[in-house]
Amino acid sequence: MHSLQVDSVQRWMEDLRHMTEVECMCVLQAKPIGVEEDTQGELIVATGDHVARNNLQTLLRRALVVSTELGKMFQRLEKGRWQRVHSTAVRANCHVRSLVHEYSAARNTPAEMQKYEKSLLEKCMELTTITERCLHTEDEFFLKSMREAIHEILTDVSDSFSHMIDMALANEIQILIRQIESSDSVYTIGSAISNLLSLTQDGPQLCRIIAKEGAVVALFKICRQDCFSDLYAHALRTVASICCVEEGINQLEKVDGILCLADILTDENSAEAARAEAAAVVAQITSPHHTSTQHLGSFLESMQDIVTALIQLCESASCGEVFLLASAALANITFFDSMACEILLQLNAIHILFQSCKDRQRVDTPYSKDQVVTILANLSVLEQSSSEVLQEKGIERLLQLLGEKPSSSSPSEGAACERVQQKAAVTLARLSRDPDVAQTAIQLRAVPRLIELCRSPAERNNSDSVLVACLAALRRLAAGCPDSIEAADHQQLIKPRLVDSFLLCSNMEESFV
């Protein structure tokens with residue numbers, strides 16, 4: 001809320017100061033600019049509840065400026081623009097010197113970091129000196145040898161600067177974690193968690209640093225104390241963000257985080273928001289994108305409770321976001337263990353999911369439908385799922401999902417619609433092993449719709465994955481009921497090898513439809 005209340009002109013003037021001060025320092029050859037005693041270290045130090053956030057955001061902003069200048073130097077060095085190489089070296093030197101001096105004045109810098117700062121400043125000065133020498137000669141042999149030397153120093157400066165910034169960020173993150181661990185104030189802890197959450201949005205490298213400094217451990221300590229129940233949702237959202245990297249998941253495993261998640265999900269007294277964020281953590285740690293699956297061993301021990309709680313959350317969700325988080329977690333879980341699918345069938349999941357699809361308040365976007373149809377596709381591997389789908393009139397719903405189209409030009413929404421179509425076709429193909437399902441699908445005119453998707457690229461948003469899934473479903477239906485497909489379609493879509501039919505349809509123009 002603080003950032004929304006800051007006057008825009010004031011914000012502009014703060015940003016302007018960061019740019020103009022460096023120019024002043026260039027003119028004064030990096031001599032410090034006199035400031036009032038009570039504003040010493042204004043760049044890094046602030047007062048109020050947003051101190052840490054200002055410190056971190058300022059540090060990141062200044063780091064980005066330095067990194068940009070160093071990147072320009074690499075480019076100009078390659079092109080031999082010596083005047084610009086030198087001017088960029090001077091600017092980078094001033095930026096680094098300003099950042100180091102002001103940060104050192106604002107914080108008790110660790111001894112190890114002080115060594116890096118001293119070494120970095122010396123290298124920056126060396127870079128400025130050596131680039132200046134190149135301005136006063138046109139000797140190609142000399143300039144070539146200098147280019148190699150400057151490139152080596154510049155690489156060293158870039159690496160040292162990145163390491164120093166990581167250490168500074170780690171130092172700031174430690175301060176936030178100490179606030180979480182030592183404070184009894186809900187407001188103070190909440191503010192520190194907000195700052196951590198904000199940092200996680202700046203990329204995986206920061207998430208690794210946050211995990212390494214023990215943030216996951218501190219956040220789960222909060223989630224295990226009843227007096228901080230109002231902070232559960234906030235803390236778990238931060239945990240989910242940190243767990244986008246393996247280091248975060250490893251920390252979660254070490255503190256038995258999965259057991260804590262199961263406790264929150266199964267506690268009827270837990271707020272829906274807390275259970276939804278717990279589901280988000282489950283979705284994150286079970287994501288197929290993670291290469292390591294060692295953490296899933298302890299997850300299996302709590303899977304019955306977690307799956308039960310998640311399907312109940314899908315059924316009782318008060319809004320689309322809660323349903324999306326719970327269904328995403330279930331979708332991921334069904335990928336890595338067939339036991340989860342069996343548990344879901346016992347819990348009447350097919351009925352719950354199809355009923356949810358009728359509720360626009362819960363299933364209101366292609367993203368939610370993507371999760372639903374993913375679960376159904378994985379459940380359809382089990383033979384007993386066919387009768388339940390028929391009982392719920394699920395074939396009609398699958399055919400509706402085959403017609404899913406984006407409501408906007410958003411690329412992410414278009415991709416979600418493609419996944420919905422693809423998985424609906426996959427589910428239909430798997431269920432059609434059952435003759436009753438195949439017959440029902442044919443009666444509901446599934447064949448013409450599948451043919452349309454195969455022949456019309458626009459209907460499938462030019463997606464090859466949708467085309468392959470529709471061809472597979474069509475062939476499964478044709479195998480059980482060959483009379484349902486006309487001769488011309490059979491000749492092109494059924495009789496050839498799958499790859500030949502795919503090539504035919506993928507190259508087909510709209511005019512052929």
# chains A, B, ... in the order shown; residues from 1 in each chain; ligands from 1
>>> residues_around(residues="Val466 in chain A", least_positions_apart="2", cutoff="7 Å", atoms="only C-alpha atoms", output="VMD selection string")
chain A and resid 418 421 to 422 460 463 to 464 468 to 470
>>> residues_around(residues="Val239 in chain A", least_positions_apart="2", cutoff="8 Å", atoms="only C-alpha atoms", output="list of chain:residue names")
A:Val216, A:Leu219, A:Ala235, A:Leu236, A:Arg237, A:Ser241, A:Ile242, A:Cys243, A:Gly248, A:Val281
>>> write_last_selection(atoms="N, CA, C and O atoms", output="CSV table (one decimal), in the first residue's frame")
chain,number,residue,atom,x,y,z
A,216,VAL,N,12.9,-20.5,4.1
A,216,VAL,CA,11.9,-21.5,4.2
A,216,VAL,C,11.7,-22.0,5.6
A,216,VAL,O,10.6,-22.2,6.1
A,219,LEU,N,9.9,-19.4,7.7
A,219,LEU,CA,8.4,-19.3,7.3
A,219,LEU,C,7.6,-20.5,7.8
A,219,LEU,O,6.5,-20.3,8.2
A,235,ALA,N,2.7,-16.4,4.4
A,235,ALA,CA,4.0,-17.1,4.5
A,235,ALA,C,4.0,-18.2,3.4
A,235,ALA,O,5.1,-18.4,2.8
A,236,LEU,N,2.9,-18.9,3.2
A,236,LEU,CA,2.9,-20.0,2.3
A,236,LEU,C,3.0,-19.6,0.8
A,236,LEU,O,3.6,-20.2,0.0
A,237,ARG,N,2.5,-18.4,0.6
A,237,ARG,CA,2.6,-17.9,-0.8
A,237,ARG,C,4.1,-17.6,-1.1
A,237,ARG,O,4.6,-17.8,-2.2
A,241,SER,N,6.7,-19.4,-3.9
A,241,SER,CA,7.6,-18.6,-4.8
A,241,SER,C,9.1,-19.1,-4.7
A,241,SER,O,9.8,-19.2,-5.7
A,242,ILE,N,9.5,-19.3,-3.4
A,242,ILE,CA,10.9,-19.7,-3.2
A,242,ILE,C,11.1,-21.1,-3.8
A,242,ILE,O,12.2,-21.4,-4.3
A,243,CYS,N,10.1,-22.0,-3.7
A,243,CYS,CA,10.2,-23.4,-4.2
A,243,CYS,C,10.2,-23.5,-5.7
A,243,CYS,O,10.1,-24.6,-6.2
A,248,GLY,N,15.0,-24.3,-2.7
A,248,GLY,CA,13.9,-24.1,-1.8
A,248,GLY,C,13.2,-25.4,-1.4
A,248,GLY,O,12.8,-25.5,-0.3
A,281,VAL,N,1.7,-24.4,-2.8
A,281,VAL,CA,3.1,-25.0,-2.5
A,281,VAL,C,3.1,-26.4,-3.0
A,281,VAL,O,4.1,-26.9,-3.6
>>> residues_around(residues="range 305-319 of chain A", least_positions_apart="3", cutoff="6 Å", atoms="only C-alpha atoms", output="PyMOL selection string")
chain A and resi 262+265-266+302+322-323+326+361-362
>>> residues_around(residues="Ile442 in chain A", least_positions_apart="4", cutoff="9 Å", atoms="only C-alpha atoms", output="list in words")
Val437, Ala438, Ala446, Val447, Pro448, Leu477, Cys481 and Ser484 of chain A
>>> write_last_selection(atoms="N, CA and C atoms", output="PDB file, in the first residue's frame")
ATOM      1  N   VAL A 437     -18.481 -46.156 -24.244  1.00  0.00           N
ATOM      2  CA  VAL A 437     -18.010 -44.773 -24.370  1.00  0.00           C
ATOM      3  C   VAL A 437     -17.896 -44.399 -25.842  1.00  0.00           C
ATOM      4  N   ALA A 438     -17.293 -45.308 -26.632  1.00  0.00           N
ATOM      5  CA  ALA A 438     -17.120 -45.044 -28.061  1.00  0.00           C
ATOM      6  C   ALA A 438     -18.471 -44.818 -28.739  1.00  0.00           C
ATOM      7  N   ALA A 446     -19.036 -36.836 -32.052  1.00  0.00           N
ATOM      8  CA  ALA A 446     -17.625 -36.555 -31.769  1.00  0.00           C
ATOM      9  C   ALA A 446     -16.786 -36.645 -33.039  1.00  0.00           C
ATOM     10  N   VAL A 447     -17.151 -37.580 -33.939  1.00  0.00           N
ATOM     11  CA  VAL A 447     -16.351 -37.794 -35.155  1.00  0.00           C
ATOM     12  C   VAL A 447     -16.285 -36.545 -36.035  1.00  0.00           C
ATOM     13  N   PRO A 448     -17.425 -35.896 -36.377  1.00  0.00           N
ATOM     14  CA  PRO A 448     -17.340 -34.674 -37.190  1.00  0.00           C
ATOM     15  C   PRO A 448     -16.497 -33.580 -36.535  1.00  0.00           C
ATOM     16  N   LEU A 477     -11.863 -44.330 -32.269  1.00  0.00           N
ATOM     17  CA  LEU A 477     -13.302 -44.454 -32.540  1.00  0.00           C
ATOM     18  C   LEU A 477     -13.561 -45.265 -33.805  1.00  0.00           C
ATOM     19  N   CYS A 481     -15.904 -48.522 -34.385  1.00  0.00           N
ATOM     20  CA  CYS A 481     -17.087 -48.291 -35.230  1.00  0.00           C
ATOM     21  C   CYS A 481     -16.644 -47.757 -36.593  1.00  0.00           C
ATOM     22  N   SER A 484     -18.683 -45.275 -38.847  1.00  0.00           N
ATOM     23  CA  SER A 484     -18.970 -43.905 -38.418  1.00  0.00           C
ATOM     24  C   SER A 484     -18.174 -42.875 -39.206  1.00  0.00           C
TER      25      SER A 484
END
>>> decode(residues="range 102-117 of chain A", atoms="all heavy atoms", output="PDB file, in the first residue's frame")
ATOM      1  N   GLU A 102      28.160   4.073  -0.212  1.00  0.00           N
ATOM      2  CA  GLU A 102      26.896   4.349   0.462  1.00  0.00           C
ATOM      3  C   GLU A 102      26.369   3.121   1.190  1.00  0.00           C
ATOM      4  O   GLU A 102      25.789   3.241   2.266  1.00  0.00           O
ATOM      5  CB  GLU A 102      25.881   4.885  -0.554  1.00  0.00           C
ATOM      6  CG  GLU A 102      26.271   6.257  -1.082  1.00  0.00           C
ATOM      7  CD  GLU A 102      25.247   6.838  -2.020  1.00  0.00           C
ATOM      8  OE1 GLU A 102      24.142   6.264  -2.127  1.00  0.00           O
ATOM      9  OE2 GLU A 102      25.545   7.851  -2.655  1.00  0.00           O
ATOM     10  N   TYR A 103      26.575   1.945   0.584  1.00  0.00           N
ATOM     11  CA  TYR A 103      26.121   0.740   1.279  1.00  0.00           C
ATOM     12  C   TYR A 103      26.949   0.510   2.540  1.00  0.00           C
ATOM     13  O   TYR A 103      26.416   0.132   3.594  1.00  0.00           O
ATOM     14  CB  TYR A 103      26.208  -0.480   0.363  1.00  0.00           C
ATOM     15  CG  TYR A 103      25.596  -1.719   0.988  1.00  0.00           C
ATOM     16  CD1 TYR A 103      24.221  -1.906   0.976  1.00  0.00           C
ATOM     17  CD2 TYR A 103      26.383  -2.661   1.639  1.00  0.00           C
ATOM     18  CE1 TYR A 103      23.640  -3.009   1.581  1.00  0.00           C
ATOM     19  CE2 TYR A 103      25.821  -3.764   2.243  1.00  0.00           C
ATOM     20  CZ  TYR A 103      24.445  -3.934   2.219  1.00  0.00           C
ATOM     21  OH  TYR A 103      23.881  -5.020   2.827  1.00  0.00           O
ATOM     22  N   SER A 104      28.266   0.748   2.452  1.00  0.00           N
ATOM     23  CA  SER A 104      29.149   0.569   3.616  1.00  0.00           C
ATOM     24  C   SER A 104      28.776   1.542   4.728  1.00  0.00           C
ATOM     25  O   SER A 104      28.883   1.211   5.913  1.00  0.00           O
ATOM     26  CB  SER A 104      30.607   0.774   3.207  1.00  0.00           C
ATOM     27  OG  SER A 104      31.000  -0.180   2.250  1.00  0.00           O
ATOM     28  N   ALA A 105      28.351   2.750   4.334  1.00  0.00           N
ATOM     29  CA  ALA A 105      27.956   3.737   5.345  1.00  0.00           C
ATOM     30  C   ALA A 105      26.635   3.364   6.008  1.00  0.00           C
ATOM     31  O   ALA A 105      26.376   3.725   7.145  1.00  0.00           O
ATOM     32  CB  ALA A 105      27.834   5.118   4.698  1.00  0.00           C
ATOM     33  N   ALA A 106      25.813   2.603   5.288  1.00  0.00           N
ATOM     34  CA  ALA A 106      24.483   2.276   5.793  1.00  0.00           C
ATOM     35  C   ALA A 106      24.449   0.989   6.608  1.00  0.00           C
ATOM     36  O   ALA A 106      23.594   0.808   7.460  1.00  0.00           O
ATOM     37  CB  ALA A 106      23.508   2.148   4.628  1.00  0.00           C
ATOM     38  N   ARG A 107      25.356   0.091   6.336  1.00  0.00           N
ATOM     39  CA  ARG A 107      25.337  -1.220   6.988  1.00  0.00           C
ATOM     40  C   ARG A 107      26.700  -1.556   7.578  1.00  0.00           C
ATOM     41  O   ARG A 107      27.729  -1.090   7.095  1.00  0.00           O
ATOM     42  CB  ARG A 107      24.984  -2.308   5.971  1.00  0.00           C
ATOM     43  CG  ARG A 107      23.562  -2.231   5.452  1.00  0.00           C
ATOM     44  CD  ARG A 107      22.599  -2.819   6.458  1.00  0.00           C
ATOM     45  NE  ARG A 107      21.265  -2.929   5.912  1.00  0.00           N
ATOM     46  CZ  ARG A 107      20.176  -2.483   6.507  1.00  0.00           C
ATOM     47  NH1 ARG A 107      20.264  -1.872   7.668  1.00  0.00           N
ATOM     48  NH2 ARG A 107      18.991  -2.638   5.963  1.00  0.00           N
ATOM     49  N   ASN A 108      26.685  -2.408   8.594  1.00  0.00           N
ATOM     50  CA  ASN A 108      27.931  -2.994   9.085  1.00  0.00           C
ATOM     51  C   ASN A 108      28.313  -4.115   8.136  1.00  0.00           C
ATOM     52  O   ASN A 108      27.870  -5.250   8.278  1.00  0.00           O
ATOM     53  CB  ASN A 108      27.751  -3.533  10.504  1.00  0.00           C
ATOM     54  CG  ASN A 108      27.505  -2.413  11.495  1.00  0.00           C
ATOM     55  OD1 ASN A 108      28.101  -1.341  11.382  1.00  0.00           O
ATOM     56  ND2 ASN A 108      26.626  -2.655  12.468  1.00  0.00           N
ATOM     57  N   THR A 109      29.129  -3.771   7.146  1.00  0.00           N
ATOM     58  CA  THR A 109      29.459  -4.722   6.097  1.00  0.00           C
ATOM     59  C   THR A 109      30.323  -5.846   6.649  1.00  0.00           C
ATOM     60  O   THR A 109      31.325  -5.586   7.327  1.00  0.00           O
ATOM     61  CB  THR A 109      30.222  -4.018   4.953  1.00  0.00           C
ATOM     62  OG1 THR A 109      29.522  -2.835   4.603  1.00  0.00           O
ATOM     63  CG2 THR A 109      30.335  -4.921   3.747  1.00  0.00           C
ATOM     64  N   PRO A 110      29.965  -7.119   6.367  1.00  0.00           N
ATOM     65  CA  PRO A 110      30.790  -8.250   6.812  1.00  0.00           C
ATOM     66  C   PRO A 110      32.212  -8.147   6.279  1.00  0.00           C
ATOM     67  O   PRO A 110      32.453  -7.599   5.193  1.00  0.00           O
ATOM     68  CB  PRO A 110      30.065  -9.464   6.221  1.00  0.00           C
ATOM     69  CG  PRO A 110      28.664  -9.003   5.992  1.00  0.00           C
ATOM     70  CD  PRO A 110      28.760  -7.557   5.659  1.00  0.00           C
ATOM     71  N   ALA A 111      33.169  -8.705   7.040  1.00  0.00           N
ATOM     72  CA  ALA A 111      34.594  -8.608   6.676  1.00  0.00           C
ATOM     73  C   ALA A 111      34.862  -9.204   5.296  1.00  0.00           C
ATOM     74  O   ALA A 111      35.626  -8.645   4.495  1.00  0.00           O
ATOM     75  CB  ALA A 111      35.439  -9.298   7.736  1.00  0.00           C
ATOM     76  N   GLU A 112      34.244 -10.341   5.007  1.00  0.00           N
ATOM     77  CA  GLU A 112      34.469 -10.996   3.716  1.00  0.00           C
ATOM     78  C   GLU A 112      33.999 -10.106   2.574  1.00  0.00           C
ATOM     79  O   GLU A 112      34.647 -10.012   1.518  1.00  0.00           O
ATOM     80  CB  GLU A 112      33.722 -12.334   3.670  1.00  0.00           C
ATOM     81  CG  GLU A 112      33.999 -13.133   2.400  1.00  0.00           C
ATOM     82  CD  GLU A 112      33.215 -14.435   2.353  1.00  0.00           C
ATOM     83  OE1 GLU A 112      32.507 -14.756   3.327  1.00  0.00           O
ATOM     84  OE2 GLU A 112      33.306 -15.130   1.321  1.00  0.00           O
ATOM     85  N   MET A 113      32.886  -9.414   2.787  1.00  0.00           N
ATOM     86  CA  MET A 113      32.361  -8.530   1.760  1.00  0.00           C
ATOM     87  C   MET A 113      33.253  -7.305   1.583  1.00  0.00           C
ATOM     88  O   MET A 113      33.423  -6.797   0.466  1.00  0.00           O
ATOM     89  CB  MET A 113      30.941  -8.100   2.131  1.00  0.00           C
ATOM     90  CG  MET A 113      30.230  -7.330   1.039  1.00  0.00           C
ATOM     91  SD  MET A 113      28.509  -7.060   1.483  1.00  0.00           S
ATOM     92  CE  MET A 113      28.105  -5.770   0.309  1.00  0.00           C
ATOM     93  N   GLN A 114      33.865  -6.830   2.673  1.00  0.00           N
ATOM     94  CA  GLN A 114      34.774  -5.691   2.585  1.00  0.00           C
ATOM     95  C   GLN A 114      35.967  -6.000   1.698  1.00  0.00           C
ATOM     96  O   GLN A 114      36.435  -5.147   0.940  1.00  0.00           O
ATOM     97  CB  GLN A 114      35.239  -5.287   3.980  1.00  0.00           C
ATOM     98  CG  GLN A 114      34.158  -4.646   4.833  1.00  0.00           C
ATOM     99  CD  GLN A 114      34.639  -4.313   6.227  1.00  0.00           C
ATOM    100  OE1 GLN A 114      35.835  -4.378   6.528  1.00  0.00           O
ATOM    101  NE2 GLN A 114      33.709  -3.954   7.107  1.00  0.00           N
ATOM    102  N   LYS A 115      36.453  -7.244   1.766  1.00  0.00           N
ATOM    103  CA  LYS A 115      37.567  -7.649   0.904  1.00  0.00           C
ATOM    104  C   LYS A 115      37.165  -7.564  -0.565  1.00  0.00           C
ATOM    105  O   LYS A 115      37.921  -7.083  -1.405  1.00  0.00           O
ATOM    106  CB  LYS A 115      37.995  -9.087   1.228  1.00  0.00           C
ATOM    107  CG  LYS A 115      38.620  -9.260   2.600  1.00  0.00           C
ATOM    108  CD  LYS A 115      38.991 -10.730   2.818  1.00  0.00           C
ATOM    109  CE  LYS A 115      39.528 -10.943   4.220  1.00  0.00           C
ATOM    110  NZ  LYS A 115      39.824 -12.387   4.474  1.00  0.00           N
ATOM    111  N   TYR A 116      35.942  -8.026  -0.858  1.00  0.00           N
ATOM    112  CA  TYR A 116      35.456  -7.974  -2.240  1.00  0.00           C
ATOM    113  C   TYR A 116      35.295  -6.537  -2.705  1.00  0.00           C
ATOM    114  O   TYR A 116      35.609  -6.198  -3.856  1.00  0.00           O
ATOM    115  CB  TYR A 116      34.119  -8.712  -2.362  1.00  0.00           C
ATOM    116  CG  TYR A 116      34.267 -10.141  -2.813  1.00  0.00           C
ATOM    117  CD1 TYR A 116      34.394 -11.171  -1.890  1.00  0.00           C
ATOM    118  CD2 TYR A 116      34.316 -10.454  -4.165  1.00  0.00           C
ATOM    119  CE1 TYR A 116      34.542 -12.478  -2.292  1.00  0.00           C
ATOM    120  CE2 TYR A 116      34.460 -11.764  -4.584  1.00  0.00           C
ATOM    121  CZ  TYR A 116      34.577 -12.774  -3.647  1.00  0.00           C
ATOM    122  OH  TYR A 116      34.726 -14.069  -4.064  1.00  0.00           O
ATOM    123  N   GLU A 117      34.799  -5.687  -1.806  1.00  0.00           N
ATOM    124  CA  GLU A 117      34.606  -4.281  -2.167  1.00  0.00           C
ATOM    125  C   GLU A 117      35.929  -3.622  -2.511  1.00  0.00           C
ATOM    126  O   GLU A 117      36.038  -2.925  -3.540  1.00  0.00           O
ATOM    127  CB  GLU A 117      33.936  -3.537  -1.008  1.00  0.00           C
ATOM    128  CG  GLU A 117      32.488  -3.930  -0.782  1.00  0.00           C
ATOM    129  CD  GLU A 117      31.895  -3.258   0.433  1.00  0.00           C
ATOM    130  OE1 GLU A 117      32.660  -2.651   1.216  1.00  0.00           O
ATOM    131  OE2 GLU A 117      30.664  -3.347   0.608  1.00  0.00           O
TER     132      GLU A 117
END
